[in-house]
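So this one's entry_34.cif, mmCIF, C-alpha atoms:
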data_entry
#
loop_
_atom_site.label_atom_id
_atom_site.label_comp_id
_atom_site.auth_asym_id
_atom_site.auth_seq_id
_atom_site.Cartn_x
_atom_site.Cartn_y
_atom_site.Cartn_z
CA MET A 30 136.42 86.82 58.66
CA SER A 31 136.75 87.60 62.40
CA GLY A 32 134.30 86.43 65.04
CA ARG A 33 133.05 89.96 65.62
CA GLY A 34 131.93 91.93 62.59
CA PRO A 35 133.20 95.40 61.79
CA GLU A 36 131.25 98.43 62.86
CA ASP A 37 129.21 100.28 60.29
CA PRO A 38 129.50 104.05 60.97
CA ALA A 39 126.26 104.80 59.11
CA ARG A 40 124.34 102.32 61.23
CA ALA A 41 125.95 103.59 64.41
CA ARG A 42 124.80 107.10 63.61
CA THR A 43 121.22 105.91 63.10
CA GLN A 44 121.25 103.96 66.37
CA ARG A 45 122.54 106.69 68.69
CA PRO A 46 119.42 108.91 68.53
CA MET A 47 117.39 106.20 70.27
CA PHE A 48 118.72 107.47 73.64
CA ALA A 49 118.87 111.14 72.70
CA ARG A 50 115.78 112.10 74.73
CA SER A 51 116.92 110.17 77.79
CA MET A 52 120.40 111.68 77.67
CA TRP A 53 118.88 115.17 77.39
CA LEU A 54 116.89 114.46 80.56
CA LEU A 55 119.99 113.08 82.29
CA ARG A 56 121.93 116.24 81.43
CA ALA A 57 119.04 118.40 82.63
CA GLY A 58 118.97 116.46 85.91
CA GLY A 59 122.70 116.95 86.46
CA MET A 60 123.66 113.29 86.01
CA TRP A 61 125.34 112.94 82.61
CA PRO A 62 128.67 114.83 82.63
CA PRO A 63 130.21 116.52 79.58
CA PRO A 64 132.74 114.52 77.56
CA ALA A 65 136.37 114.45 78.58
CA SER A 66 137.20 116.70 75.62
CA ALA A 67 134.96 119.49 76.96
CA PRO A 68 136.61 122.64 78.35
CA ASP A 69 137.47 122.67 82.03
CA TRP A 70 135.06 125.50 82.79
CA ARG A 71 132.20 123.51 81.33
CA ARG A 72 133.04 120.44 83.39
CA ASP A 73 133.42 122.56 86.53
CA ALA A 74 130.08 124.24 85.86
CA PHE A 75 128.42 120.86 85.46
CA GLU A 76 129.91 119.58 88.72
CA ALA A 77 128.67 122.66 90.58
CA ARG A 78 125.17 122.40 89.07
CA SER A 79 125.03 118.67 89.73
CA LEU A 80 126.00 119.03 93.38
CA LEU A 81 123.53 121.89 93.76
CA THR A 82 120.79 119.68 92.31
CA GLY A 83 121.59 116.83 94.70
CA ALA A 84 121.75 119.14 97.73
CA PHE A 85 118.47 120.80 96.72
CA MET A 86 116.72 117.41 96.37
CA LEU A 87 118.05 116.15 99.72
CA LEU A 88 117.06 119.39 101.45
CA ASN A 89 113.52 119.15 100.08
CA ALA A 90 113.21 115.49 101.06
CA LEU A 91 114.33 116.27 104.62
CA GLY A 92 112.07 119.31 104.74
CA GLU A 93 109.00 117.29 103.70
CA LEU A 94 109.93 114.51 106.13
CA GLY A 95 110.43 116.93 109.02
CA GLY A 96 107.14 118.61 108.22
CA ILE A 97 105.32 115.45 109.29
CA PHE A 98 106.36 116.00 112.92
CA THR A 99 105.32 119.67 112.99
CA LEU A 100 101.74 119.07 111.87
CA PRO A 101 98.96 119.30 114.46
CA ARG A 102 97.19 116.15 115.57
CA GLY A 103 94.34 114.87 113.44
CA CYS A 104 95.72 116.07 110.10
CA MET A 105 96.07 112.58 108.64
CA GLU A 106 95.46 113.77 105.07
CA ARG A 107 98.29 116.28 105.29
CA VAL A 108 100.54 113.66 106.91
CA CYS A 109 99.95 111.30 103.98
CA GLN A 110 100.60 114.14 101.54
CA ASN A 111 103.89 114.86 103.29
CA ILE A 112 104.87 111.19 103.14
CA CYS A 113 104.14 111.02 99.40
CA SER A 114 106.09 114.23 98.76
CA THR A 115 109.01 112.89 100.81
CA LEU A 116 109.05 109.57 98.95
CA TRP A 117 108.99 111.25 95.52
CA ARG A 118 111.86 113.60 96.36
CA LEU A 119 113.79 110.82 98.09
CA LEU A 120 113.40 108.65 94.97
CA GLY A 121 114.74 111.45 92.79
CA PHE A 122 117.67 112.02 95.13
CA MET A 123 118.55 108.31 95.29
CA MET A 124 118.45 107.99 91.50
CA TRP A 125 120.66 111.05 91.20
CA LEU A 126 123.07 109.62 93.79
CA MET A 127 123.19 106.10 92.29
CA PHE A 128 123.69 107.43 88.77
CA ARG A 129 126.52 109.67 89.92
CA HIS A 130 128.07 106.74 91.76
CA HIS A 131 127.94 104.47 88.69
CA VAL A 132 128.48 107.17 86.06
CA VAL A 133 131.79 105.68 84.84
CA SER A 134 130.24 102.21 84.48
CA ILE A 135 127.15 103.67 82.79
CA GLN A 136 129.27 105.60 80.30
CA ALA A 137 131.22 102.42 79.51
CA LEU A 138 127.92 100.55 79.11
CA MET A 139 126.63 103.27 76.77
CA ALA A 140 129.80 103.02 74.67
CA GLU A 141 129.34 99.25 74.46
CA VAL A 142 125.70 99.66 73.44
CA GLU A 143 126.69 102.07 70.68
CA ARG A 144 129.34 99.61 69.50
CA ILE A 145 126.81 96.76 69.43
CA ALA A 146 124.36 98.95 67.53
CA GLY A 147 127.01 99.72 64.94
CA ILE A 148 128.09 96.13 64.24
CA ASP A 149 127.74 95.09 60.62
CA HIS A 150 126.45 91.50 60.63
CA GLY A 151 127.18 90.97 56.95
CA VAL A 152 123.62 89.88 56.09
CA HIS A 153 121.80 90.60 52.83
CA GLY A 154 118.41 90.33 51.23
CA VAL A 155 115.40 89.36 53.34
CA LEU A 156 117.49 88.82 56.47
CA HIS A 157 118.99 92.30 56.17
CA ALA A 158 115.49 93.77 55.95
CA ARG A 159 114.48 91.78 59.04
CA VAL A 160 117.50 93.01 61.00
CA GLU A 161 116.78 96.63 60.06
CA GLU A 162 113.14 96.15 61.04
CA LEU A 163 114.15 94.90 64.49
CA GLN A 164 116.57 97.79 64.95
CA GLN A 165 113.85 100.26 64.02
CA GLY A 166 111.46 98.46 66.36
CA ALA A 167 113.92 98.94 69.23
CA ARG A 168 114.15 102.67 68.55
CA THR A 169 110.37 102.99 68.30
CA ARG A 170 109.70 101.10 71.52
CA ILE A 171 112.31 103.07 73.48
CA ASN A 172 110.94 106.38 72.20
CA ASN A 173 107.39 105.30 73.08
CA ILE A 174 108.47 104.53 76.65
CA ILE A 175 110.20 107.90 76.96
CA LEU A 176 107.30 109.88 75.50
CA GLY A 177 104.76 107.98 77.61
CA PHE A 178 106.66 108.69 80.81
CA ILE A 179 107.20 112.34 79.89
CA SER A 180 103.50 112.83 79.11
CA TRP A 181 102.13 111.10 82.21
CA PHE A 182 104.59 112.36 84.84
CA THR A 183 104.53 115.90 83.49
CA TYR A 184 100.74 115.80 83.74
CA SER A 185 100.79 114.36 87.27
CA SER A 186 103.48 116.81 88.46
CA THR A 187 101.55 119.72 86.99
CA ALA A 188 98.43 118.51 88.80
CA VAL A 189 100.34 118.53 92.10
CA VAL A 190 101.80 121.99 91.52
CA THR A 191 98.55 123.60 90.35
CA GLN A 192 96.33 121.98 93.00
CA PRO A 193 95.93 125.21 95.06
CA PHE A 194 94.85 127.17 91.98
CA VAL A 195 92.37 124.47 91.01
CA ASN A 196 90.90 124.61 94.51
CA TYR A 197 90.72 128.38 94.21
CA LEU A 198 88.71 128.09 90.98
CA VAL A 199 86.37 125.56 92.59
CA ILE A 200 85.69 127.15 95.98
CA GLY A 201 86.34 130.79 95.06
CA SER A 202 89.01 131.43 97.69
CA MET A 203 92.60 130.32 98.22
CA PRO A 204 92.70 127.31 100.58
CA ARG A 205 94.43 127.58 103.94
CA PRO A 206 97.04 126.22 104.10
CA VAL A 207 97.87 126.83 100.46
CA LEU A 208 99.69 123.53 99.89
CA PRO A 209 98.54 120.21 101.36
CA SER A 210 102.00 119.20 102.59
CA ASN A 211 104.04 120.94 105.27
CA PHE A 212 107.68 122.06 105.02
CA TRP A 213 109.46 122.12 108.37
CA LEU A 214 112.02 124.74 107.27
CA LEU A 215 109.18 127.22 106.75
CA VAL A 216 107.20 126.46 109.91
CA GLY A 217 105.36 129.49 111.20
CA PRO A 218 102.38 131.68 110.45
CA ASP A 219 101.34 131.67 106.81
CA THR A 220 102.39 134.89 105.12
CA PRO A 221 102.38 135.76 101.39
CA PHE A 222 106.18 135.58 101.35
CA ARG A 223 106.29 132.15 103.01
CA GLU A 224 103.59 130.86 100.69
CA ALA A 225 105.45 132.12 97.62
CA VAL A 226 108.74 130.56 98.76
CA MET A 227 106.95 127.32 99.63
CA MET A 228 105.20 127.05 96.28
CA LEU A 229 108.37 127.89 94.35
CA SER A 230 110.43 125.34 96.28
CA GLN A 231 107.86 122.55 95.98
CA SER A 232 107.20 123.22 92.30
CA LEU A 233 110.89 123.21 91.44
CA ALA A 234 111.54 120.08 93.52
CA GLN A 235 108.59 118.30 91.93
CA TYR A 236 109.76 118.96 88.38
CA VAL A 237 113.44 118.25 89.11
CA SER A 238 112.45 114.91 90.64
CA THR A 239 110.32 114.18 87.59
CA VAL A 240 113.19 114.92 85.20
CA ILE A 241 115.62 112.74 87.17
CA VAL A 242 113.22 109.79 87.51
CA ILE A 243 112.13 109.83 83.87
CA GLY A 244 115.70 110.15 82.61
CA TYR A 245 117.01 107.36 84.85
CA ILE A 246 114.23 104.87 84.14
CA SER A 247 113.86 105.52 80.42
CA PHE A 248 117.62 105.37 79.82
CA LEU A 249 118.46 102.17 81.71
CA GLY A 250 115.14 100.53 80.88
CA GLY A 251 115.71 101.47 77.24
CA ILE A 252 119.06 99.68 77.29
CA ALA A 253 117.28 96.50 78.42
CA VAL A 254 114.79 96.86 75.55
CA PHE A 255 117.64 97.45 73.12
CA LEU A 256 119.46 94.30 74.29
CA SER A 257 116.28 92.25 73.93
CA HIS A 258 115.98 93.33 70.29
CA GLN A 259 119.63 92.45 69.71
CA ALA A 260 118.83 88.96 71.00
CA LEU A 261 115.97 88.80 68.50
CA ILE A 262 118.42 89.76 65.74
CA LEU A 263 120.76 87.00 66.92
CA GLY A 264 117.94 84.47 66.76
CA ALA A 265 116.93 85.57 63.28
CA MET A 266 120.51 85.19 62.01
CA LEU A 267 120.84 81.71 63.53
CA GLU A 268 117.51 80.55 62.14
CA ALA A 269 118.41 81.76 58.64
CA MET A 270 121.91 80.26 58.72
CA PRO A 271 122.56 78.26 55.47
CA PHE A 272 123.78 75.08 57.17
CA ALA A 273 122.94 72.93 54.14
CA THR A 274 125.59 74.68 52.04
CA ALA A 275 128.29 74.10 54.65
CA GLY A 276 128.84 70.45 53.79
CA ARG A 277 128.98 70.84 50.02
CA ASN A 278 132.48 72.30 49.78
CA PRO A 279 135.24 73.50 52.10
CA ALA A 280 134.61 77.16 51.25
CA GLY A 281 130.99 76.86 52.37
CA THR A 282 132.08 75.22 55.62
CA VAL A 283 134.54 78.01 56.32
CA ALA A 284 131.94 80.70 55.59
CA VAL A 285 129.24 79.15 57.80
CA THR A 286 131.74 78.50 60.59
CA ALA A 287 132.81 82.15 60.50
CA ARG A 288 129.18 83.32 60.66
CA VAL A 289 128.43 81.01 63.61
CA ARG A 290 131.50 82.34 65.42
CA HIS A 291 130.29 85.87 64.72
CA CYS A 292 126.94 84.94 66.31
CA ILE A 293 128.75 83.49 69.35
CA ALA A 294 130.73 86.72 69.79
CA PHE A 295 127.57 88.79 69.30
CA HIS A 296 125.77 86.65 71.88
CA GLN A 297 128.64 87.20 74.29
CA ASP A 298 128.39 90.96 73.79
CA ILE A 299 124.67 90.88 74.64
CA LEU A 300 125.15 88.78 77.77
CA ARG A 301 128.06 90.92 78.97
CA ALA A 302 126.09 94.15 78.46
CA ALA A 303 123.10 92.65 80.32
CA GLU A 304 125.37 91.70 83.22
CA ASP A 305 126.81 95.21 83.35
CA LEU A 306 123.28 96.64 83.33
CA ASN A 307 122.34 94.39 86.25
CA ARG A 308 125.41 95.50 88.19
CA VAL A 309 124.35 99.14 87.84
CA LEU A 310 120.65 98.59 88.56
CA ARG A 311 120.46 95.94 91.28
CA LEU A 312 120.53 98.24 94.34
CA MET A 313 118.28 100.85 92.75
CA LEU A 314 115.71 98.23 91.76
CA LEU A 315 115.42 97.03 95.35
CA PHE A 316 115.05 100.61 96.57
CA LEU A 317 112.48 101.31 93.85
CA PHE A 318 110.37 98.33 94.93
CA MET A 319 110.40 99.56 98.53
CA ILE A 320 109.51 103.15 97.58
CA CYS A 321 106.60 102.05 95.38
CA LEU A 322 105.27 99.78 98.12
CA ALA A 323 105.46 102.70 100.55
CA PHE A 324 103.54 104.86 98.05
CA ILE A 325 100.79 102.27 97.74
CA ALA A 326 100.63 101.59 101.49
CA THR A 327 100.35 105.31 102.24
CA MET A 328 97.47 105.83 99.83
CA VAL A 329 95.62 102.70 100.96
CA TYR A 330 95.95 103.83 104.57
CA GLN A 331 94.80 107.33 103.67
CA VAL A 332 91.72 106.00 101.92
CA SER A 333 90.89 103.84 104.95
CA VAL A 334 91.10 106.66 107.57
CA VAL A 335 90.21 109.87 105.70
CA PRO A 336 86.62 110.61 104.61
CA PRO A 337 86.37 109.97 100.87
CA THR A 338 86.33 112.97 98.53
CA ASN A 339 86.77 113.43 94.80
CA SER A 340 90.23 114.96 95.24
CA LEU A 341 91.32 112.07 97.49
CA PHE A 342 90.06 109.56 94.94
CA MET A 343 91.92 111.26 92.08
CA ALA A 344 95.11 111.55 94.16
CA THR A 345 94.90 107.85 95.03
CA VAL A 346 94.43 106.85 91.41
CA MET A 347 97.36 109.02 90.28
CA ILE A 348 99.68 107.65 92.97
CA LEU A 349 98.73 104.06 92.15
CA ILE A 350 99.33 104.61 88.43
CA CYS A 351 102.66 106.36 89.05
CA SER A 352 104.00 103.76 91.46
CA ASN A 353 102.96 100.81 89.31
CA SER A 354 104.36 102.41 86.15
CA LEU A 355 107.72 103.05 87.84
CA VAL A 356 108.17 99.38 88.70
CA GLY A 357 106.19 98.12 85.72
CA VAL A 358 108.56 99.50 83.10
CA PHE A 359 111.50 97.57 84.59
CA CYS A 360 109.36 94.44 84.94
CA TYR A 361 108.34 94.77 81.31
CA CYS A 362 111.92 95.34 80.14
CA SER A 363 113.18 92.41 82.21
CA ASP A 364 110.52 90.10 80.76
CA GLN A 365 111.37 91.23 77.25
CA LEU A 366 115.07 90.57 77.84
CA ARG A 367 114.42 87.15 79.37
CA GLU A 368 112.10 86.02 76.58
CA ALA A 369 114.40 87.26 73.82
CA THR A 370 117.61 85.73 75.19
CA GLY A 371 115.85 82.49 76.08
CA GLY A 372 114.28 82.32 72.63
CA VAL A 373 117.70 81.87 71.02
CA VAL A 374 117.42 78.14 71.80
CA HIS A 375 114.16 77.87 69.89
CA ARG A 376 115.65 79.75 66.94
CA VAL A 377 118.55 77.31 66.75
CA MET A 378 116.19 74.36 66.94
CA ALA A 379 114.05 75.87 64.18
CA SER A 380 117.03 76.14 61.83
CA ASP A 381 118.42 73.45 59.53
CA TRP A 382 121.13 72.58 62.04
CA THR A 383 121.04 68.84 61.30
CA SER A 384 122.54 69.54 57.86
CA ALA A 385 125.58 71.28 59.33
CA PRO A 386 128.95 69.53 59.65
CA VAL A 387 129.95 68.16 63.05
CA PRO A 388 132.36 71.05 63.89
CA VAL A 389 129.57 73.58 63.23
CA GLN A 390 127.13 71.56 65.34
CA ARG A 391 129.57 71.70 68.23
CA LEU A 392 129.64 75.47 67.95
CA LEU A 393 125.83 75.47 68.01
CA GLU A 394 125.92 73.39 71.18
CA PHE A 395 127.89 76.20 72.79
CA VAL A 396 125.25 78.74 71.68
CA VAL A 397 122.41 76.60 73.04
CA PHE A 398 124.25 76.02 76.30
CA ARG A 399 124.71 79.76 76.83
CA ALA A 400 121.07 80.49 75.94
CA THR A 401 119.61 77.98 78.41
CA LYS A 402 120.22 80.56 81.16
CA PRO A 403 118.56 83.69 79.77
CA SER A 404 119.45 87.16 80.96
CA ALA A 405 117.08 89.22 83.09
CA LEU A 406 117.12 91.98 85.68
CA TRP A 407 117.86 90.80 89.22
CA CYS A 408 118.43 92.15 92.72
CA TRP A 409 121.54 90.25 93.75
CA ARG A 410 120.00 87.05 92.39
CA ALA A 411 117.54 87.14 95.29
CA LEU A 412 114.62 88.85 93.54
CA THR A 413 113.75 88.34 89.91
CA ILE A 414 112.35 91.49 88.33
CA SER A 415 109.22 90.50 86.41
CA ARG A 416 105.54 91.30 86.22
CA VAL A 417 104.73 88.11 88.11
CA THR A 418 107.09 89.08 90.94
CA TRP A 419 105.55 92.54 91.26
CA LEU A 420 102.03 91.10 91.40
CA GLN A 421 103.14 88.64 94.07
CA VAL A 422 104.66 91.47 96.10
CA LEU A 423 101.44 93.49 95.83
CA ASN A 424 99.37 90.48 96.86
CA LYS A 425 101.52 89.77 99.91
CA SER A 426 101.53 93.44 100.89
CA TYR A 427 97.75 93.68 100.74
CA SER A 428 97.45 90.47 102.77
CA VAL A 429 99.67 91.94 105.50
CA PHE A 430 97.66 95.18 105.44
CA ALA A 431 94.36 93.25 105.73
CA VAL A 432 95.69 91.28 108.70
CA LEU A 433 96.85 94.45 110.48
CA ARG A 434 93.51 96.14 109.82
CA SER A 435 91.59 93.21 111.29
#
Any chance you could put this one into structure tokens?
Amino acid sequence: MSGRGPEDPARARTQRPMFARSMWLLRAGGMWPPPASAPDWRRDAFEARSLLTGAFMLLNALGELGGIFTLPRGCMERVCQNICSTLWRLLGFMMWLMFRHHVVSIQALMAEVERIAGIDHGVHGVLHARVEELQQGARTRINNIILGFISWFTYSSTAVVTQPFVNYLVIGSMPRPVLPSNFWLLVGPDTPFREAVMMLSQSLAQYVSTVIVIGYISFLGGIAVFLSHQALILGAMLEAMPFATAGRNPAGTVAVTARVRHCIAFHQDILRAAEDLNRVLRLMLLFLFMICLAFIATMVYQVSVVPPTNSLFMATVMILICSNSLVGVFCYCSDQLREATGGVVHRVMASDWTSAPVPVQRLLEFVVFRATKPSALWCWRALTISRVTWLQVLNKSYSVFAVLRS
């Protein structure tokens, strides 16, 4: 028996749909290219659409940013709206750019994830049921993250796009200006044509950014959740290892040794995939932290200088929920990965390892040694991505804001 078990095609087919929704969003956002076997015209069409998407997002981000400097004095609410619109479009553009830059590495990582999902661990009975339960739990949790993000960000984006019509229903007349933010490429007197172009451009940019952000976060965050469940499977196999039968006869020793070596190879696959995920995410995570802090700082400043209204309160709540959920999903996934990979040590200690022969115990020492440094999401090893870290960053940011205000 080899150290790495054969792949089960049936299991691989059941595992691949766990990222189907994310990959659909990535294709819609112009980030996931067609396979190499696709016709040339299809690949050329994708490249053209992808570049058009990136140029459109960059143009909208620059337009919203330039609109800040063309607003009249005293329009602090519109300035804050322009800043939020700029940050959201800039986030979508950066995710599009980083994904396109790492697309080869991400495709290789996806192939490795599919291979890991299709490995046949050779377990039976209760342990087989437990492994299948954990695999199903990974699919369910990933789908819940995707559906939750789709529901919330579609709702929030629709609220931004339909804000002028809601104001029209409330006050009985179309507000002037129609949209709260200003677009510097369309500076000039408000005309029906300019308003129509402005609303179409902002609506399209808002939804394209939403598709890109949801696809990027749910796909790469889902891989972290998947790897954490694979670590749970590894721990379950080690805890249920029949070490007592290894010393009874040579055949039992050979069988248990082969299974432990399979677990070592499986553990290596998990750690290698987590390292590849970190390599793809580390720059984007740092940028995401900065963008979310800018979102929160903008809304806190707006609340402190603009007279409070119901619309301002709702906008502040939505921005706070969106920014915290963007960072929070990666913090949650990182914590799950850290706890699962670090829990391998406890699973080994909970097994009947004292009954194993000395050669098998030496193999277990290698497993424990590797598990003492659990995997997690990092920013160049300088910033640990976790819920505690994000709360500390928020606390320090509010302290700095309070000092500046005083």
Any chance you could work out the residue set of the PyMOL selection byres ((chain A and resi 330) around 10) here, as a list in words? Met105, Glu106, Cys109, Ile325, Ala326, Thr327, Met328, Val329, Gln331, Val332, Ser333, Val334, Val335, Phe430 and Arg434 of chain A
Selection file, C-alpha atoms, as a PDB file, keeping the file's coordinate frame:
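selection.pdb, written as the output of this step:
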ATOM      1  CA  MET A 105      96.070 112.580 108.640  1.00  0.00           C
ATOM      2  CA  GLU A 106      95.460 113.770 105.070  1.00  0.00           C
ATOM      3  CA  CYS A 109      99.950 111.300 103.980  1.00  0.00           C
ATOM      4  CA  ILE A 325     100.790 102.270  97.740  1.00  0.00           C
ATOM      5  CA  ALA A 326     100.630 101.590 101.490  1.00  0.00           C
ATOM      6  CA  THR A 327     100.350 105.310 102.240  1.00  0.00           C
ATOM      7  CA  MET A 328      97.470 105.830  99.830  1.00  0.00           C
ATOM      8  CA  VAL A 329      95.620 102.700 100.960  1.00  0.00           C
ATOM      9  CA  GLN A 331      94.800 107.330 103.670  1.00  0.00           C
ATOM     10  CA  VAL A 332      91.720 106.000 101.920  1.00  0.00           C
ATOM     11  CA  SER A 333      90.890 103.840 104.950  1.00  0.00           C
ATOM     12  CA  VAL A 334      91.100 106.660 107.570  1.00  0.00           C
ATOM     13  CA  VAL A 335      90.210 109.870 105.700  1.00  0.00           C
ATOM     14  CA  PHE A 430      97.660  95.180 105.440  1.00  0.00           C
ATOM     15  CA  ARG A 434      93.510  96.140 109.820  1.00  0.00           C
TER      16      ARG A 434
END
Applying the PyMOL selection byres ((chain A and resi 398) around 12) to the file I just gave you, which residues come out? Please list them as JSON, numbers by chain. {"A": [293, 296, 370, 371, 373, 374, 377, 391, 392, 393, 394, 395, 396, 397, 399, 400, 401, 402, 403]}
Using all atoms listed in the file, which of the listed residues (A:Leu55, A:Val133, A:Ala284, A:Met266) sits closest to Val160 of chain A? A:Met266
Env of segment 60-66 of chain A: 12 Å cut, atoms = all atoms listed in the file, seq-sep filter 5 positions within chain, self excluded. Answer as number ranges by chain. A: 49, 51-55, 71-83, 121-136, 139, 237, 240-242, 244-245, 248
So which residues touch Arg308 of chain A within 12 Å, counting all atoms listed in the file, skipping near sequence neighbours fewer than 4 positions away, as a list of chain:residue names?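 That gives A:Met127, A:His131, A:Ser134, A:Ile135, A:Leu138, A:Leu249, A:Arg301, A:Ala302, A:Ala303, A:Glu304, A:Leu312, A:Met313, A:Leu314, A:Ala405, A:Leu406, A:Trp407, A:Cys408, A:Trp409, A:Arg410.
Distance annotation: of A:His375, A:Lys425, A:Arg102, A:Arg367, the residue with the minimal separation from Thr413 of chain A is A:Arg367; atom set is all atoms listed in the file.
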Let me make sure I understand: among A:Leu317, A:Leu233, A:Val389, A:Leu349, which one has the smallest atom-to-atom distance to Gly281 of chain A if we use all atoms listed in the file? A:Val389
Of the listed residues A:Gln259, A:Ser238, A:Met270, A:Arg288, that which approaches Gly58 of chain A most closely, counting only C-alpha atoms: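 When distances to Gly58 of chain A are compared using only C-alpha atoms, the smallest one comes from A:Ser238.
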Looking at A:Ala323, A:Ala273, A:Cys360, A:Leu412, which one is nearest to Tyr427 of chain A, with distances taken over all atoms listed in the file?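 The answer is A:Ala323, which sits nearest to Tyr427 of chain A.
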Provide the atom CA of Ile262 of chain A to atom CA of Glu143 of chain A distance in Å, to one decimal place.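 One can read the atom CA of Ile262 of chain A to atom CA of Glu143 of chain A distance as 15.6 Å.
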Between A:Gly59, A:Gly251, A:Gly166, A:Gly95, smallest distance to Ser363 of chain A by all atoms listed in the file belongs to A:Gly251
Separation of atom CA of Trp117 of chain A from atom CA of Ser352 of chain A in Å: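 Going from atom CA of Ser352 of chain A over to atom CA of Trp117 of chain A covers 9.9 Å.
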Neighbours of Arg170 of chain A within 10 Å (all atoms listed in the file; same-chain residues fewer than 6 positions away dropped), as a PyMOL selection string? chain A and resi 47+176+251+254-255
So that I have them on file, write out the residues from the current selection with C-alpha atoms, as a short mmCIF file (atom, residue, chain, number, x, y, z; two decimals), keeping the file's coordinate frame.
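The resulting file, part_27.cif, is shown below:
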data_model
loop_
_atom_site.label_atom_id
_atom_site.label_comp_id
_atom_site.auth_asym_id
_atom_site.auth_seq_id
_atom_site.Cartn_x
_atom_site.Cartn_y
_atom_site.Cartn_z
CA MET A 47 117.39 106.20 70.27
CA LEU A 176 107.30 109.88 75.50
CA GLY A 251 115.71 101.47 77.24
CA VAL A 254 114.79 96.86 75.55
CA PHE A 255 117.64 97.45 73.12
#
Expected selection from the PyMOL selection byres ((chain A and resi 276) around 12), given as a list in words: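 That selection, the PyMOL selection byres ((chain A and resi 276) around 12), comes back as Pro271, Phe272, Ala273, Thr274, Ala275, Arg277, Asn278, Pro279, Ala280, Gly281, Thr282, Val283, Ala284, Val285, Thr286, Trp382, Thr383, Ser384, Ala385, Pro386, Val387, Pro388, Val389 and Gln390 of chain A.
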Quick check, in Å to one decimal: how far apart do atom CA of Leu156 of chain A and atom CA of Phe295 of chain A lie? 16.3 Å
Protein/DNA/RNA residues near (109.3, 91.4, 88.0), cut 10 Å, only C-alpha atoms, as a PDB file with C-alpha atoms, in the frame of the given file:
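Listed below is the output, result-v8.pdb:
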ATOM      1  CA  PHE A 318     110.370  98.330  94.930  1.00  0.00           C
ATOM      2  CA  VAL A 356     108.170  99.380  88.700  1.00  0.00           C
ATOM      3  CA  GLY A 357     106.190  98.120  85.720  1.00  0.00           C
ATOM      4  CA  VAL A 358     108.560  99.500  83.100  1.00  0.00           C
ATOM      5  CA  PHE A 359     111.500  97.570  84.590  1.00  0.00           C
ATOM      6  CA  CYS A 360     109.360  94.440  84.940  1.00  0.00           C
ATOM      7  CA  TYR A 361     108.340  94.770  81.310  1.00  0.00           C
ATOM      8  CA  CYS A 362     111.920  95.340  80.140  1.00  0.00           C
ATOM      9  CA  SER A 363     113.180  92.410  82.210  1.00  0.00           C
ATOM     10  CA  ASP A 364     110.520  90.100  80.760  1.00  0.00           C
ATOM     11  CA  ALA A 405     117.080  89.220  83.090  1.00  0.00           C
ATOM     12  CA  LEU A 406     117.120  91.980  85.680  1.00  0.00           C
ATOM     13  CA  TRP A 407     117.860  90.800  89.220  1.00  0.00           C
ATOM     14  CA  LEU A 412     114.620  88.850  93.540  1.00  0.00           C
ATOM     15  CA  THR A 413     113.750  88.340  89.910  1.00  0.00           C
ATOM     16  CA  ILE A 414     112.350  91.490  88.330  1.00  0.00           C
ATOM     17  CA  SER A 415     109.220  90.500  86.410  1.00  0.00           C
ATOM     18  CA  ARG A 416     105.540  91.300  86.220  1.00  0.00           C
ATOM     19  CA  VAL A 417     104.730  88.110  88.110  1.00  0.00           C
ATOM     20  CA  THR A 418     107.090  89.080  90.940  1.00  0.00           C
ATOM     21  CA  TRP A 419     105.550  92.540  91.260  1.00  0.00           C
ATOM     22  CA  LEU A 420     102.030  91.100  91.400  1.00  0.00           C
ATOM     23  CA  GLN A 421     103.140  88.640  94.070  1.00  0.00           C
ATOM     24  CA  VAL A 422     104.660  91.470  96.100  1.00  0.00           C
TER      25      VAL A 422
END
